[in-house]
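**Student:** I'm passing along upload04.pdb; it holds PDB, C-alpha atoms and all ligand atoms.
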```
ATOM      1  CA  MET A  25     -24.799  11.168  -9.676
ATOM      2  CA  ASN A  26     -23.015   8.661 -11.832
ATOM      3  CA  ASP A  27     -25.143   7.687 -14.823
ATOM      4  CA  THR A  28     -24.612   4.486 -16.753
ATOM      5  CA  ILE A  29     -25.208   4.117 -20.488
ATOM      6  CA  ILE A  30     -27.001   0.831 -21.134
ATOM      7  CA  PRO A  31     -27.524  -0.443 -24.685
ATOM      8  CA  CYS A  32     -30.926  -2.114 -25.107
ATOM      9  CA  GLY A  33     -30.684  -5.867 -25.776
ATOM     10  CA  ARG A  34     -33.633  -5.731 -28.207
ATOM     11  CA  CYS A  35     -33.291  -2.492 -30.236
ATOM     12  CA  SER A  36     -29.716  -1.420 -29.332
ATOM     13  CA  ALA A  37     -30.870   2.090 -28.323
ATOM     14  CA  LYS A  38     -28.559   3.624 -25.730
ATOM     15  CA  ASN A  39     -30.284   4.392 -22.435
ATOM     16  CA  ARG A  40     -28.867   6.705 -19.767
ATOM     17  CA  ILE A  41     -29.712   5.296 -16.353
ATOM     18  CA  PRO A  42     -29.061   7.428 -13.253
ATOM     19  CA  ALA A  43     -27.301   5.388 -10.553
ATOM     20  CA  ALA A  44     -30.122   5.983  -8.073
ATOM     21  CA  LYS A  45     -32.700   4.562 -10.510
ATOM     22  CA  ARG A  46     -30.945   1.485 -11.737
ATOM     23  CA  HIS A  47     -32.449  -0.826  -9.079
ATOM     24  CA  LEU A  48     -35.957   0.039 -10.340
ATOM     25  CA  LYS A  49     -35.869  -2.437 -13.269
ATOM     26  CA  PRO A  50     -35.404   0.303 -15.905
ATOM     27  CA  LYS A  51     -36.938  -0.122 -19.358
ATOM     28  CA  CYS A  52     -35.645   0.948 -22.764
ATOM     29  CA  GLY A  53     -36.885   4.457 -23.612
ATOM     30  CA  LYS A  54     -37.332   3.493 -27.259
ATOM     31  CA  CYS A  55     -38.898   0.029 -27.359
ATOM     32  CA  GLY A  56     -39.905  -0.566 -23.723
ATOM     33  CA  ALA A  57     -37.885  -3.759 -23.253
ATOM     34  CA  GLU A  58     -36.575  -4.299 -19.736
ATOM     35  CA  LEU A  59     -32.866  -3.508 -19.590
ATOM     36  CA  ASP A  60     -30.582  -6.200 -18.226
ATOM     37  CA  LEU A  61     -28.168  -4.558 -15.798
ATOM     38  CA  GLY A  62     -27.327  -7.743 -13.932
ATOM     39  CA  GLY A  63     -24.262  -8.657 -15.943
ATOM     40  CA  LEU A  64     -22.656  -5.220 -15.844
ATOM     41  CA  ARG A  65     -21.031  -5.415 -12.383
ATOM     42  CA  LEU A  66     -22.086  -1.842 -11.627
ATOM     43  CA  PRO A  67     -20.091  -0.154  -8.857
ATOM     44  CA  ALA A  68     -21.667   1.228  -5.680
ATOM     45  CA  VAL A  69     -24.028   4.191  -6.107
ATOM     46  CA  GLU A  70     -22.339   7.460  -5.093
ATOM     47  CA  LEU A  71     -24.680   9.404  -2.789
ATOM     48  CA  GLY A  72     -24.505  12.967  -1.496
ATOM     49  CA  ASP A  73     -26.272  15.182   1.019
ATOM     50  CA  GLY A  74     -28.825  16.029  -1.690
ATOM     51  CA  SER A  75     -29.577  12.491  -2.879
ATOM     52  CA  PHE A  76     -29.204  10.390   0.267
ATOM     53  CA  HIS A  77     -32.710  10.623   1.711
ATOM     54  CA  GLY A  78     -34.518  10.266  -1.605
ATOM     55  CA  LEU A  79     -32.806   6.965  -2.280
ATOM     56  CA  VAL A  80     -32.238   5.430   1.135
ATOM     57  CA  MET A  81     -35.484   6.395   2.867
ATOM     58  CA  ASN A  82     -37.725   5.328  -0.031
ATOM     59  CA  ALA A  83     -35.892   2.223  -1.193
ATOM     60  CA  ALA A  84     -37.917  -0.960  -1.531
ATOM     61  CA  LEU A  85     -34.687  -2.951  -1.163
ATOM     62  CA  PRO A  86     -32.293  -3.084   1.806
ATOM     63  CA  VAL A  87     -29.512  -0.491   1.494
ATOM     64  CA  LEU A  88     -25.894  -0.663   2.605
ATOM     65  CA  VAL A  89     -24.122   2.701   2.707
ATOM     66  CA  ASP A  90     -20.340   2.951   3.026
ATOM     67  CA  PHE A  91     -19.485   6.264   4.718
ATOM     68  CA  TYR A  92     -15.949   6.988   3.564
ATOM     69  CA  SER A  93     -13.326   9.668   3.198
ATOM     70  CA  PRO A  94     -11.147   9.823   0.071
ATOM     71  CA  THR A  95      -8.049  10.468   2.193
ATOM     72  CA  CYS A  96      -8.467   7.406   4.441
ATOM     73  CA  GLY A  97      -6.360   4.333   3.609
ATOM     74  CA  PRO A  98      -8.729   1.712   5.057
ATOM     75  CA  CYS A  99     -11.596   3.362   3.133
ATOM     76  CA  ARG A 100      -9.691   3.034  -0.124
ATOM     77  CA  ALA A 101      -8.934  -0.587   0.719
ATOM     78  CA  MET A 102     -12.660  -1.244   1.157
ATOM     79  CA  MET A 103     -13.700   0.389  -2.156
ATOM     80  CA  PRO A 104     -13.256  -2.709  -4.345
ATOM     81  CA  VAL A 105     -15.057  -4.803  -1.718
ATOM     82  CA  VAL A 106     -18.003  -2.406  -1.737
ATOM     83  CA  ASP A 107     -18.114  -2.323  -5.544
ATOM     84  CA  ASN A 108     -17.994  -6.104  -5.571
ATOM     85  CA  LEU A 109     -20.962  -6.241  -3.191
ATOM     86  CA  SER A 110     -22.855  -3.827  -5.447
ATOM     87  CA  ALA A 111     -22.512  -6.271  -8.341
ATOM     88  CA  ARG A 112     -23.206  -9.309  -6.166
ATOM     89  CA  TYR A 113     -26.447  -7.910  -4.725
ATOM     90  CA  HIS A 114     -27.763  -6.270  -7.895
ATOM     91  CA  GLY A 115     -31.567  -6.503  -7.837
ATOM     92  CA  ARG A 116     -31.614  -7.710  -4.202
ATOM     93  CA  ALA A 117     -30.022  -4.860  -2.249
ATOM     94  CA  ILE A 118     -28.670  -1.397  -3.012
ATOM     95  CA  VAL A 119     -25.021  -0.805  -2.214
ATOM     96  CA  ALA A 120     -24.051   2.851  -1.986
ATOM     97  CA  LYS A 121     -21.265   5.052  -0.671
ATOM     98  CA  LEU A 122     -21.086   8.579   0.669
ATOM     99  CA  ASN A 123     -18.032  10.834   0.832
ATOM    100  CA  THR A 124     -18.226  12.258   4.356
ATOM    101  CA  MET A 125     -15.821  15.112   3.605
ATOM    102  CA  ALA A 126     -17.941  16.406   0.718
ATOM    103  CA  ASN A 127     -21.271  15.610   2.422
ATOM    104  CA  PRO A 128     -20.998  16.448   6.127
ATOM    105  CA  ALA A 129     -24.754  16.848   6.753
ATOM    106  CA  VAL A 130     -25.713  13.191   6.374
ATOM    107  CA  ALA A 131     -22.577  12.010   8.199
ATOM    108  CA  SER A 132     -23.408  14.294  11.109
ATOM    109  CA  GLN A 133     -27.061  13.216  11.129
ATOM    110  CA  PHE A 134     -25.986   9.622  11.718
ATOM    111  CA  GLY A 135     -23.211  10.531  14.151
ATOM    112  CA  ILE A 136     -20.433   9.122  11.979
ATOM    113  CA  ARG A 137     -17.211   9.543  13.997
ATOM    114  CA  GLY A 138     -14.820   7.364  12.067
ATOM    115  CA  VAL A 139     -14.539   6.063   8.528
ATOM    116  CA  PRO A 140     -15.179   3.717   6.981
ATOM    117  CA  SER A 141     -18.561   3.151   8.629
ATOM    118  CA  PHE A 142     -21.107   0.781   7.151
ATOM    119  CA  LEU A 143     -24.780   1.531   7.791
ATOM    120  CA  PHE A 144     -27.594  -0.867   6.923
ATOM    121  CA  PHE A 145     -31.095   0.412   6.181
ATOM    122  CA  LYS A 146     -34.354  -1.418   5.676
ATOM    123  CA  ASN A 147     -37.695   0.299   4.983
ATOM    124  CA  GLY A 148     -36.012   3.651   5.564
ATOM    125  CA  GLN A 149     -34.815   2.690   9.043
ATOM    126  CA  LEU A 150     -31.245   2.292  10.215
ATOM    127  CA  VAL A 151     -31.145  -1.338  11.367
ATOM    128  CA  ASP A 152     -27.455  -2.115  11.807
ATOM    129  CA  GLN A 153     -24.039  -0.524  11.557
ATOM    130  CA  MET A 154     -20.353  -1.398  11.706
ATOM    131  CA  ALA A 155     -17.242   0.742  11.856
ATOM    132  CA  GLY A 156     -13.765   0.142  10.471
ATOM    133  CA  ALA A 157     -12.409  -2.017   7.678
ATOM    134  CA  VAL A 158     -14.454  -5.187   8.101
ATOM    135  CA  PRO A 159     -14.167  -8.505   6.261
ATOM    136  CA  GLU A 160     -16.301  -8.836   3.139
ATOM    137  CA  GLN A 161     -17.875 -11.998   4.558
ATOM    138  CA  LEU A 162     -19.205 -10.043   7.522
ATOM    139  CA  LEU A 163     -20.889  -7.503   5.248
ATOM    140  CA  ILE A 164     -22.353 -10.374   3.213
ATOM    141  CA  HIS A 165     -23.649 -12.006   6.383
ATOM    142  CA  LYS A 166     -25.330  -8.777   7.520
ATOM    143  CA  LEU A 167     -26.832  -8.074   4.082
ATOM    144  CA  ASP A 168     -28.162 -11.622   3.730
ATOM    145  CA  ALA A 169     -29.938 -11.209   7.046
ATOM    146  CA  LEU A 170     -31.864  -8.226   5.615
ATOM    147  CA  LEU A 171     -33.018  -9.826   2.347
TER     148      LEU A 171
HETATM  149 ZN    ZN B   1     -35.000  -1.019 -26.852
END
```
How does the structure come out when it is put into structure tokens?

**Tutor:**
Amino acid sequence: MNDTIIPCGRCSAKNRIPAAKRHLKPKCGKCGAELDLGGLRLPAVELGDGSFHGLVMNAALPVLVDFYSPTCGPCRAMMPVVDNLSARYHGRAIVAKLNTMANPAVASQFGIRGVPSFLFFKNGQLVDQMAGAVPEQLLIHKLDALL
């Protein structure tokens, strides 16, 4: 998991926030002030076979997961779009990605045949999905419908 170091706005203590926890309105470990992550433009949360269900199935927010392969050109082209969506929807939806080559169990569970594939979850249920390099506006449209 990719942790982020967040300096507290009140006491300047450095807080290590795991990517899967950062949508939970984390507080400073030293003084208890709520940490402001909204301005940080955090990239998509990297998920794996071990972390997927804990985050996606229990999330209070809608979740978009980009199933990708590091060797696929269209996947690489979509990476900045997905990271941009992560920043755009901070606090409203969780944007995550999963490397299907390193994590075949989850990809196989959802019958992922081609990458990139974009799966939308709400309340732990798969509610929508799209395959291929799709326009950012289409992903925005689908995410807005789940908010
Ligand atoms: Zn603090």

**Student:** Please identify every polymer residue within 9 Å of ligand ZN 1 (chain B), using all atoms listed in the file, and present the set as number ranges by chain.

**Tutor:** A: 31-39, 51-59

**Student:** Would you mind listing, for every residue of range 43-70 of chain A within 6 Å of range 109-130 of chain A, the two atoms forming the shortest contact and the distance between them in Å to one decimal, using only C-alpha atoms, sorted by chain and ascending residue number, as JSON lines?

**Tutor:**
```
{"residue": "A:His47", "atom": "CA", "partner": "A:Gly115", "partner_atom": "CA", "distance": 5.9}
{"residue": "A:Arg65", "atom": "CA", "partner": "A:Ala111", "partner_atom": "CA", "distance": 4.4}
{"residue": "A:Leu66", "atom": "CA", "partner": "A:Ala111", "partner_atom": "CA", "distance": 5.5}
{"residue": "A:Pro67", "atom": "CA", "partner": "A:Ser110", "partner_atom": "CA", "distance": 5.7}
{"residue": "A:Ala68", "atom": "CA", "partner": "A:Ala120", "partner_atom": "CA", "distance": 4.7}
{"residue": "A:Val69", "atom": "CA", "partner": "A:Ala120", "partner_atom": "CA", "distance": 4.3}
{"residue": "A:Glu70", "atom": "CA", "partner": "A:Lys121", "partner_atom": "CA", "distance": 5.1}
```

**Student:** Hey, which of A:Pro42, A:Pro94, A:Pro140, A:Gly135 ends up closest to Thr28 in chain A? Count all atoms listed in the file.

**Tutor:**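 The answer is A:Pro42, which sits nearest to Thr28 in chain A.
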
**Student:** Which is closer to Leu167 in chain A than all the others in A:Val105, A:Leu79, A:Leu88, A:Leu61, using all atoms listed in the file?

**Tutor:** A:Leu88

**Student:** Please enumerate the residues selected by the PyMOL selection byres (((chain A and resi 142) around 12) and not hetatm) when evaluated against the supplied file, formatted as a CSV table (one decimal) with C-alpha atoms, in the coordinates of the input.

**Tutor:**
```csv
chain,number,residue,atom,x,y,z
A,87,VAL,CA,-29.5,-0.5,1.5
A,88,LEU,CA,-25.9,-0.7,2.6
A,89,VAL,CA,-24.1,2.7,2.7
A,90,ASP,CA,-20.3,3.0,3.0
A,91,PHE,CA,-19.5,6.3,4.7
A,92,TYR,CA,-15.9,7.0,3.6
A,99,CYS,CA,-11.6,3.4,3.1
A,102,MET,CA,-12.7,-1.2,1.2
A,103,MET,CA,-13.7,0.4,-2.2
A,106,VAL,CA,-18.0,-2.4,-1.7
A,119,VAL,CA,-25.0,-0.8,-2.2
A,120,ALA,CA,-24.1,2.9,-2.0
A,121,LYS,CA,-21.3,5.1,-0.7
A,122,LEU,CA,-21.1,8.6,0.7
A,131,ALA,CA,-22.6,12.0,8.2
A,134,PHE,CA,-26.0,9.6,11.7
A,136,ILE,CA,-20.4,9.1,12.0
A,137,ARG,CA,-17.2,9.5,14.0
A,138,GLY,CA,-14.8,7.4,12.1
A,139,VAL,CA,-14.5,6.1,8.5
A,140,PRO,CA,-15.2,3.7,7.0
A,141,SER,CA,-18.6,3.2,8.6
A,143,LEU,CA,-24.8,1.5,7.8
A,144,PHE,CA,-27.6,-0.9,6.9
A,145,PHE,CA,-31.1,0.4,6.2
A,150,LEU,CA,-31.2,2.3,10.2
A,151,VAL,CA,-31.1,-1.3,11.4
A,152,ASP,CA,-27.5,-2.1,11.8
A,153,GLN,CA,-24.0,-0.5,11.6
A,154,MET,CA,-20.4,-1.4,11.7
A,155,ALA,CA,-17.2,0.7,11.9
A,156,GLY,CA,-13.8,0.1,10.5
A,157,ALA,CA,-12.4,-2.0,7.7
A,158,VAL,CA,-14.5,-5.2,8.1
A,159,PRO,CA,-14.2,-8.5,6.3
A,160,GLU,CA,-16.3,-8.8,3.1
A,162,LEU,CA,-19.2,-10.0,7.5
A,163,LEU,CA,-20.9,-7.5,5.2
A,164,ILE,CA,-22.4,-10.4,3.2
A,166,LYS,CA,-25.3,-8.8,7.5
A,167,LEU,CA,-26.8,-8.1,4.1
```

**Student:** Just the number, please: distance in Å from CA of Gly148 in chain A to CA of Ala44 in chain A, one decimal.

**Tutor:** 15.0 Å

**Student:** Suppose you want the space between CA of Gly74 in chain A and CA of Arg100 in chain A; what is it in Å?

**Tutor:**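 Straight-line distance from CA of Gly74 in chain A to CA of Arg100 in chain A works out to 23.2 Å.
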